[in-house]
Every structure is written in structure tokens, then in C-alpha cells.
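This is protein-v6.cif (mmCIF, C-alpha atoms).
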data_model
loop_
_atom_site.label_atom_id
_atom_site.label_comp_id
_atom_site.auth_asym_id
_atom_site.auth_seq_id
_atom_site.Cartn_x
_atom_site.Cartn_y
_atom_site.Cartn_z
CA MET M 1 61.61 -92.88 -68.40
CA ALA M 2 61.88 -89.12 -68.85
CA TYR M 3 63.47 -86.83 -71.42
CA GLY M 4 64.20 -83.15 -72.07
CA GLN M 5 63.00 -81.75 -68.75
CA HIS M 6 66.06 -79.53 -68.19
CA GLN M 7 64.94 -76.85 -70.69
CA SER M 8 68.41 -77.22 -72.32
CA PHE M 9 70.16 -75.56 -69.35
CA TYR M 10 72.84 -77.48 -67.49
CA LEU M 11 73.18 -77.06 -63.73
CA ARG M 12 75.28 -74.13 -62.49
CA VAL M 13 77.22 -74.02 -59.24
CA ARG M 14 75.18 -71.20 -57.72
CA TRP M 15 71.78 -72.61 -58.58
CA LEU M 16 71.43 -75.18 -55.80
CA ASN M 17 71.76 -72.61 -53.05
CA LYS M 18 69.19 -70.39 -54.75
CA ALA M 19 66.67 -73.25 -54.80
CA LEU M 20 67.35 -74.52 -51.29
CA LYS M 21 67.01 -71.05 -49.81
CA GLN M 22 63.66 -70.40 -51.50
CA LEU M 23 62.24 -73.84 -50.71
CA GLN M 24 63.12 -73.47 -47.04
CA GLU M 25 60.65 -70.57 -47.00
CA ASP M 26 58.05 -71.76 -49.51
CA GLU M 27 57.57 -75.41 -50.45
CA ARG M 28 55.47 -74.36 -53.45
CA PHE M 29 58.03 -71.87 -54.69
CA PHE M 30 58.34 -73.47 -58.13
CA TYR M 31 54.62 -72.88 -58.75
CA GLU M 32 54.69 -69.16 -57.98
CA GLN M 33 54.26 -66.85 -60.97
CA GLU M 34 56.93 -64.50 -59.58
CA ALA M 35 59.43 -67.28 -58.82
CA PHE M 36 61.81 -66.20 -61.57
CA GLU M 37 61.98 -62.66 -60.16
CA LYS M 38 62.63 -63.84 -56.60
CA ILE M 39 65.44 -66.18 -57.60
CA GLY M 40 67.00 -63.99 -60.29
CA LEU M 41 66.74 -66.47 -63.17
CA GLY M 42 64.74 -66.63 -66.38
CA LYS M 43 61.43 -68.52 -66.37
CA ASN M 44 62.84 -71.48 -68.31
CA MET M 45 65.87 -71.56 -66.03
CA VAL M 46 63.59 -71.85 -63.01
CA GLN M 47 61.91 -74.87 -64.60
CA SER M 48 65.34 -76.28 -65.35
CA LEU M 49 66.40 -75.76 -61.75
CA ARG M 50 63.34 -77.67 -60.58
CA PHE M 51 64.51 -80.61 -62.69
CA TRP M 52 68.07 -80.49 -61.36
CA VAL M 53 67.22 -80.36 -57.66
CA ILE M 54 64.98 -83.40 -58.07
CA ALA M 55 67.43 -85.28 -60.31
CA THR M 56 70.27 -84.84 -57.80
CA ASN M 57 68.08 -85.94 -54.87
CA VAL M 58 68.34 -82.62 -53.07
CA ILE M 59 64.57 -82.10 -53.26
CA GLU M 60 61.66 -84.54 -53.43
CA GLU M 61 58.25 -83.84 -54.93
CA LYS M 62 55.22 -84.76 -52.84
CA PHE M 63 51.55 -83.88 -52.36
CA ASN M 64 50.49 -81.90 -49.31
CA GLU M 65 47.22 -82.34 -47.38
CA GLU M 66 45.42 -80.22 -49.97
CA ARG M 67 46.65 -82.58 -52.72
CA LYS M 68 48.88 -79.85 -54.13
CA LYS M 69 52.43 -80.61 -55.24
CA VAL M 70 55.16 -79.35 -52.94
CA HIS M 71 58.95 -79.63 -52.96
CA LEU M 72 60.67 -80.67 -49.75
CA LEU M 73 64.33 -81.01 -48.89
CA THR M 74 65.42 -84.62 -48.68
CA GLU M 75 67.58 -85.67 -45.73
CA PHE M 76 70.53 -85.44 -48.09
CA GLY M 77 69.40 -82.00 -49.23
CA SER M 78 69.14 -80.84 -45.63
CA LEU M 79 72.75 -81.89 -45.03
CA ILE M 80 73.85 -80.01 -48.15
CA TYR M 81 72.01 -76.89 -47.03
CA LYS M 82 73.56 -77.11 -43.56
CA TYR M 83 77.15 -77.86 -44.51
CA ASP M 84 77.78 -77.09 -48.19
CA ARG M 85 74.99 -75.06 -49.77
CA PHE M 86 77.42 -73.43 -52.22
CA VAL M 87 78.76 -76.83 -53.38
CA GLN M 88 82.37 -76.13 -52.47
CA PHE M 89 83.39 -79.62 -51.33
CA GLU M 90 84.53 -82.38 -53.68
CA GLU M 91 82.45 -85.01 -51.88
CA THR M 92 79.26 -82.99 -52.37
CA VAL M 93 79.79 -82.74 -56.13
CA SER M 94 80.58 -86.44 -56.38
CA ILE M 95 77.43 -87.48 -54.51
CA LEU M 96 75.21 -85.13 -56.52
CA HIS M 97 76.60 -86.76 -59.66
CA TYR M 98 76.00 -90.21 -58.18
CA TYR M 99 72.30 -89.57 -57.61
CA LEU M 100 71.94 -88.05 -61.08
CA VAL M 101 73.31 -91.10 -62.90
CA THR M 102 72.06 -94.03 -60.83
CA ARG M 103 68.30 -93.41 -61.06
CA GLN M 104 66.42 -94.06 -64.29
CA GLU M 105 64.20 -91.00 -63.80
CA PRO M 106 64.10 -88.09 -64.21
CA ALA M 107 67.52 -88.00 -65.95
CA THR M 108 67.20 -91.04 -68.21
CA ALA M 109 69.96 -89.92 -70.61
CA TRP M 110 72.47 -89.69 -67.77
CA TYR M 111 71.40 -93.07 -66.42
CA TRP M 112 71.86 -94.63 -69.86
CA PHE M 113 75.20 -92.97 -70.56
CA PHE M 114 76.91 -94.08 -67.37
CA ASN M 115 75.33 -97.52 -67.06
CA TYR M 116 74.87 -98.80 -70.61
CA PHE M 117 77.00 -96.81 -73.02
CA THR M 118 80.52 -98.21 -72.83
CA GLU M 119 82.52 -96.48 -75.57
CA LYS M 120 85.53 -94.49 -74.37
CA VAL M 121 85.83 -92.17 -77.40
CA PHE M 122 82.88 -90.83 -79.37
CA THR M 123 81.38 -87.86 -81.20
CA LYS M 124 78.17 -86.08 -80.30
CA ASP M 125 76.45 -87.58 -83.35
CA SER M 126 77.54 -91.14 -82.60
CA LEU M 127 76.43 -90.75 -78.99
CA LEU M 128 73.03 -89.43 -80.05
CA ASN M 129 72.54 -92.29 -82.52
CA ARG M 130 73.29 -94.88 -79.85
CA PHE M 131 70.93 -93.18 -77.42
CA ILE M 132 68.13 -93.12 -80.00
CA GLU M 133 68.65 -96.83 -80.65
CA TRP M 134 68.47 -97.64 -76.94
CA VAL M 135 65.35 -95.54 -76.37
CA ASN M 136 63.60 -97.16 -79.34
CA GLN M 137 64.37 -100.58 -77.90
CA GLU M 138 63.24 -99.73 -74.39
CA GLU M 139 60.19 -97.55 -75.00
CA ASN M 140 56.74 -98.65 -76.09
CA LYS M 141 55.89 -95.08 -77.05
CA SER M 142 57.37 -92.72 -79.59
CA VAL M 143 59.90 -90.23 -78.21
CA SER M 144 60.84 -87.07 -80.07
CA GLU M 145 64.39 -87.22 -81.41
CA LYS M 146 64.53 -83.48 -80.78
CA SER M 147 64.11 -84.13 -77.05
CA LEU M 148 66.77 -86.83 -77.13
CA LYS M 149 69.18 -84.48 -78.89
CA LYS M 150 68.58 -81.86 -76.20
CA ASP M 151 69.41 -84.46 -73.57
CA ILE M 152 72.71 -85.37 -75.22
CA ASP M 153 73.66 -81.73 -75.74
CA CYS M 154 72.93 -80.94 -72.10
CA LEU M 155 74.74 -84.04 -70.80
CA LEU M 156 77.92 -83.15 -72.65
CA LYS M 157 77.77 -79.51 -71.56
CA LEU M 158 77.24 -80.52 -67.94
CA TYR M 159 80.62 -82.26 -67.81
CA THR M 160 82.60 -80.24 -70.36
CA ALA M 161 81.05 -76.75 -70.24
CA ASP M 162 83.09 -74.19 -72.17
CA PRO M 163 83.14 -70.87 -70.28
CA ASN M 164 84.04 -68.92 -73.44
CA VAL M 165 80.55 -68.32 -74.75
CA ASP M 166 78.38 -65.25 -75.24
CA ASP M 167 75.52 -65.99 -72.83
CA PRO M 168 76.40 -64.43 -69.43
CA GLU M 169 74.74 -67.30 -67.58
CA GLU M 170 76.97 -69.79 -69.39
CA VAL M 171 80.14 -68.45 -67.80
CA ILE M 172 79.05 -69.93 -64.49
CA ARG M 173 80.62 -73.36 -64.50
CA SER M 174 78.80 -76.59 -63.96
CA PRO M 175 79.79 -78.21 -60.66
CA PHE M 176 80.26 -81.49 -62.51
CA ASP M 177 82.96 -80.15 -64.80
CA PHE M 178 85.32 -80.46 -61.82
CA LEU M 179 84.96 -84.26 -61.74
CA GLY M 180 86.91 -84.81 -64.95
CA LEU M 181 84.70 -87.65 -66.16
CA LEU M 182 84.56 -86.34 -69.74
CA VAL M 183 86.97 -84.28 -71.81
CA ALA M 184 86.14 -82.57 -75.11
CA ASN M 185 88.71 -82.14 -77.87
CA ASP M 186 87.47 -80.75 -81.20
CA ASP M 187 84.64 -83.03 -82.33
CA TYR M 188 85.53 -85.90 -80.00
CA PHE M 189 84.70 -86.64 -76.40
CA TYR M 190 86.80 -88.87 -74.16
CA ARG M 191 85.58 -90.75 -71.12
CA TYR M 192 88.23 -90.53 -68.41
CA THR M 193 89.02 -92.35 -65.20
CA PRO M 194 88.83 -89.35 -62.86
CA LYS M 195 91.18 -88.27 -60.10
CA ASN M 196 88.70 -86.02 -58.30
CA ILE M 197 86.18 -88.45 -56.82
CA HIS M 198 86.43 -87.88 -53.08
CA GLN M 199 86.92 -90.82 -50.71
CA THR M 200 83.99 -89.64 -48.59
CA ALA M 201 81.71 -89.87 -51.63
CA LEU M 202 82.96 -93.35 -52.47
CA MET M 203 82.22 -94.61 -48.96
CA TYR M 204 78.87 -92.83 -48.94
CA THR M 205 77.81 -94.50 -52.18
CA LEU M 206 78.85 -97.94 -50.88
CA LEU M 207 76.78 -97.39 -47.75
CA TYR M 208 73.84 -96.08 -49.79
CA TYR M 209 73.96 -99.05 -52.16
CA ALA M 210 74.11 -101.45 -49.20
CA GLN M 211 71.16 -99.72 -47.54
CA GLU M 212 69.05 -99.78 -50.71
CA ASN M 213 69.81 -103.46 -51.33
CA ASP M 214 69.71 -104.58 -47.68
CA ILE M 215 73.23 -106.00 -47.68
CA SER M 216 76.27 -105.57 -45.45
CA SER M 217 79.04 -106.58 -47.84
CA VAL M 218 79.94 -106.26 -51.50
CA THR M 219 82.60 -107.80 -53.75
CA ILE M 220 85.19 -105.88 -55.74
CA GLU M 221 83.71 -107.35 -58.93
CA GLU M 222 80.31 -105.93 -57.99
CA ILE M 223 81.82 -102.53 -57.24
CA GLU M 224 83.36 -102.58 -60.71
CA THR M 225 80.35 -103.80 -62.70
CA LYS M 226 77.05 -103.20 -60.90
CA ILE M 227 74.73 -100.28 -61.58
CA GLY M 228 74.85 -98.03 -58.54
CA LEU M 229 78.51 -98.66 -57.75
CA TRP M 230 81.86 -97.11 -58.61
CA GLY M 231 82.82 -98.67 -61.93
CA LYS M 232 79.77 -97.40 -63.76
CA ALA M 233 78.87 -94.29 -61.76
CA PHE M 234 82.42 -92.87 -61.61
CA ASN M 235 84.28 -94.52 -64.53
CA LEU M 236 86.64 -96.20 -62.05
CA ASP M 237 88.73 -99.14 -63.23
CA ARG M 238 89.68 -102.07 -61.00
CA THR M 239 93.06 -100.62 -60.03
CA MET M 240 91.54 -97.35 -58.82
CA ILE M 241 88.79 -99.25 -57.02
CA VAL M 242 91.32 -101.34 -55.09
CA ASN M 243 93.44 -98.27 -54.31
CA SER M 244 90.43 -96.41 -52.98
CA LEU M 245 89.29 -99.36 -50.88
CA GLU M 246 92.73 -99.61 -49.32
CA LYS M 247 92.40 -96.00 -48.16
CA LEU M 248 88.97 -96.69 -46.66
CA ILE M 249 90.44 -99.46 -44.51
CA ASP M 250 92.21 -96.77 -42.50
CA HIS M 251 89.16 -94.65 -41.69
CA PRO M 252 89.46 -93.48 -38.05
CA LYS M 253 85.86 -94.32 -37.07
CA TYR M 254 84.16 -96.28 -39.87
CA PRO M 255 86.74 -98.54 -41.55
CA ILE M 256 85.81 -101.17 -44.10
CA LYS M 257 87.18 -104.72 -43.84
CA PHE M 258 88.58 -106.97 -46.56
CA LEU M 259 87.40 -110.58 -46.50
CA ARG M 260 88.48 -113.44 -48.76
CA THR M 261 85.57 -115.85 -49.29
CA ASN M 262 85.10 -118.42 -52.07
CA GLN M 263 88.02 -116.86 -53.96
CA LEU M 264 86.24 -113.52 -53.98
CA ASP M 265 87.51 -110.28 -52.45
CA THR M 266 84.60 -109.12 -50.32
CA ILE M 267 84.24 -105.78 -48.55
CA ARG M 268 82.50 -105.76 -45.19
CA LEU M 269 80.93 -102.35 -44.59
CA PRO M 270 80.71 -100.54 -41.25
CA GLU M 271 77.39 -100.29 -39.42
CA VAL M 272 76.51 -96.68 -40.10
CA SER M 273 73.89 -95.07 -42.31
CA PRO M 274 75.14 -93.13 -45.36
CA LEU M 275 73.68 -89.88 -44.03
CA ASP M 276 75.21 -90.28 -40.57
CA TYR M 277 78.54 -91.06 -42.18
CA LEU M 278 78.33 -88.00 -44.45
CA GLU M 279 77.45 -85.70 -41.57
CA PHE M 280 80.39 -87.10 -39.58
CA GLU M 281 82.70 -86.29 -42.49
CA TYR M 282 81.32 -82.77 -42.93
CA LYS M 283 81.85 -82.11 -39.22
CA ARG M 284 85.34 -83.59 -39.39
CA LYS M 285 86.20 -81.35 -42.36
CA MET M 286 85.10 -78.34 -40.35
CA GLY M 287 87.03 -79.41 -37.25
CA ASN M 288 83.91 -80.23 -35.21
CA VAL M 289 84.81 -83.89 -34.54
#

Spell out the structure here as C-alpha cells.
Amino acid sequence: MAYGQHQSFYLRVRWLNKALKQLQEDERFFYEQEAFEKIGLGKNMVQSLRFWVIATNVIEEKFNEERKKVHLLTEFGSLIYKYDRFVQFEETVSILHYYLVTRQEPATAWYWFFNYFTEKVFTKDSLLNRFIEWVNQEENKSVSEKSLKKDIDCLLKLYTADPNVDDPEEVIRSPFDFLGLLVANDDYFYRYTPKNIHQTALMYTLLYYAQENDISSVTIEEIETKIGLWGKAFNLDRTMIVNSLEKLIDHPKYPIKFLRTNQLDTIRLPEVSPLDYLEFEYKRKMGNV
């Protein structure tokens, strides 16, 4: 598990394009001493950006033939760079969030919050205390509470960033604020069932889950309760899950199918990869299909 790698900076809308553009030209960009000057961010912000592009599965870290670390666009990242490098589409934001919260590393706090923490109303202090308890139970090593506090602070800012602050960089909104998953009111935070999770993202995540688990169908109960599916990743309740599935039945090319087996409502998924499906939807949005 991993903690505090974001340098206390939450992701900004314009950052992804900055990283993708530089990494297209130099796969070792993040190791250049002048990287911060080229990209127009502070040194700590550049390190933070490195964390975010990996955490959202836009970039993967590998070793080249010289055994040096490099950063390469994933297939998903290549689609983002081609069709939505400025993160303007709802489905892009939703999928970036999905990757952030469904993998235990490098964003362990996000993984814990969306998959294990179940309270609907909480304060920052109560959230931090629960996170510390969980980390102490799961880890065999000591983890600095200062790092855990930074994680919680950053997590809350990522989804509820207040633009009325003094730091000029802070006025650039987080792309995840749009999702409406969390709302801040005085000292309390409220977990919401959102209205801004795009249908394309929901289908994509079903297809991705099926691909990762080598399955072709999934039950509504699994969609509601399993890590890596809608209930946990997007705060969706059963009613919203059923409503969204009903819309996916009518997809013009890749419809899902409802099956009733052993008193379970099962969803049969279309035979298409998540990336091919996403590219089809990007093209359709742009009028190229």
C-alpha cells in the first residue's frame, strides 16, 4: 500500500494534458531537472502530477532496455490524448475516478474510502481516525499519521475543492469536483449518490471488470456490492443501478441483456473490449460514427 505521494496537491483539470504532451516527446520527462520549467509547475507539483497520471491509469511506469524508469501512455491514456486531452467529457472524468479508487496502489486512501468506509456523513477528524485504524490493522509496518492526514486532506479537496482560496493554482478546479460524489457543509462532509456519472463510463467499467475477471455476465447484486463495480466506485444505490442498466439495454451497437437465472437478475455483457467500446463512444460523440 502507498501513502502521501501526491505532495498534498490535488489533481487540476489542466494538468493531464500538460503531462501527456510532455511524455509523448520524452518518456523520462519526470526525471529531467528542468521538467518544472518546461511544464510550468512548481517542482513539488511535478512530482504530484507524476502520482496522478499513474493513479488514474493514464500513464504506466516501466523500465527501458537500459534499466531506467520511463513513463509510457497506457492504451487508455492514448485514447484520452487523442479524444479528450483537456478532460472535457463527463465519461472521461468518471473513468479517471474509477481507476483511482479501484486499485489499492498508489492511491490507497481513495481505495479505502470508496470500498471500505461506509459512513454517509462524517467530519475530517472522524474520517482520519477511521483511516488510521484501518491502516494499523492492515499494515505490518508503521505508517506516519502525518502522511495519512495528508491523504485525507487531499482526498476531500479532490472532490470538494473550494475555489475561493489565496493560492493561484488552487483556483483551477479538480476534474472530480464535477462528479458530485462528496459535498462539504461547514465541518461535515456528505457522501452523495451522484447524477453526473456518464452512461458510457458505467458500461466501460462493466466491460473492464468483466475483462479483468474473465467473465461475460454479472448480477445486479454484484454491481451493487463488489469492489470494482458501480455501488462502491460511484456511490450508486440499487435504484440508480437498475435505471442505468435499463438505458444500456438500448445501446445502438453494444446493448446489454437482462437474464433471470436462479432468481438472480443477471446482466449479459456485449462482446467488445472496454477500450474499443470507449473509442466507439468518443467517435460517436464527435459525429464520426

Would you write out, as a list of chain:residue names, every residue that the PyMOL selection byres ((chain M and resi 111-127) around 6) captures in this file? M:Val101, M:Thr102, M:Gln104, M:Thr108, M:Ala109, M:Trp110, M:Leu128, M:Asn129, M:Arg130, M:Asp187, M:Tyr188, M:Phe189, M:Tyr190, M:Arg191, M:Lys232, M:Ala233

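The residues returned by the PyMOL selection byres ((chain M and resi 195) around 8) on the shown structure are M:Leu179, M:Gly180, M:Thr193, M:Pro194, M:Asn196, M:Ile197.
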
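Each of M:Glu224, M:Asp276, M:Glu60, M:Asp237 was checked against Tyr254 (chain M) using all atoms listed in the file; the smallest atom-to-atom distance is that of M:Asp276.
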
Excluding Ser216 (chain M) and residues on its chain fewer than 2 positions from it, collect all residues at most 8 Å away from it, counting all atoms listed in the file, and give them as an NGL selection string. :M and (210 or 214 or 218 or 268-270)

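Put simply, the PyMOL selection byres ((chain M and resi 1-7) around 7) in this file takes in M:Ser8, M:Phe9, M:Asn44, M:Ser48, M:Phe51, M:Gln104, M:Glu105, M:Pro106, M:Ala107, M:Thr108, M:Ser147, M:Leu148, M:Lys150, M:Asp151.
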
Closest of M:Ile95, M:Met240, M:Val70, M:Leu181 to Gln24 (chain M), counting all atoms listed in the file, is M:Val70

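Between Tyr209 (chain M) and the residues M:Ile249, M:Pro274, M:Phe176, M:Arg67, the shortest atom-to-atom distance, using only C-alpha atoms, involves M:Pro274.
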
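What separates CA of Ser273 (chain M) from CA of Val53 (chain M) is a distance of 22.3 Å.
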
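Counting all atoms listed in the file and comparing M:Val58, M:Tyr99, M:Glu139, M:Arg284, the residue that lies closest to Leu79 (chain M) is M:Val58.
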
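When only C-alpha atoms are used to measure the gap to Lys253 (chain M), the shortest distance among M:Ile241, M:Thr266, M:Tyr277, M:Asn235 belongs to M:Tyr277.
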
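Using only C-alpha atoms, the nearest neighbour of Lys38 (chain M) within the list M:Ala19, M:Cys154, M:Ala55, M:Val93 is M:Ala19.
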
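CA of Leu156 (chain M) is found 13.0 Å from CA of Asp186 (chain M).
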
Provide an axis-aligned box for all listed atoms of region 5-24 of chain M, padding each side by 4 Å; report its centre and its edge lengths in Å to one decimal, as lines of an AutoDock Vina configuration file.
center_x = 69.7
center_y = -76.1
center_z = -59.7
size_x = 23.0
size_y = 19.4
size_z = 33.3

What's the separation between CA of Val143 (chain M) and CA of Arg103 (chain M), in Å to one decimal place? 19.4 Å

Taking 5 positions as the minimum chain separation for residues in the same chain, which residues sit within 8 Å of Val46 (chain M) when counting all atoms listed in the file? Answer as an NGL selection string. :M and (30 or 35-36 or 41)

Requested write-out: C-alpha atoms of the selected residues, as a compact mmCIF listing (two decimals), keeping the file's coordinate frame:
# COMPACT_ATOMS: atom_id res chain seq x y z
CA PHE M 30 58.34 -73.47 -58.13
CA ALA M 35 59.43 -67.28 -58.82
CA PHE M 36 61.81 -66.20 -61.57
CA LEU M 41 66.74 -66.47 -63.17
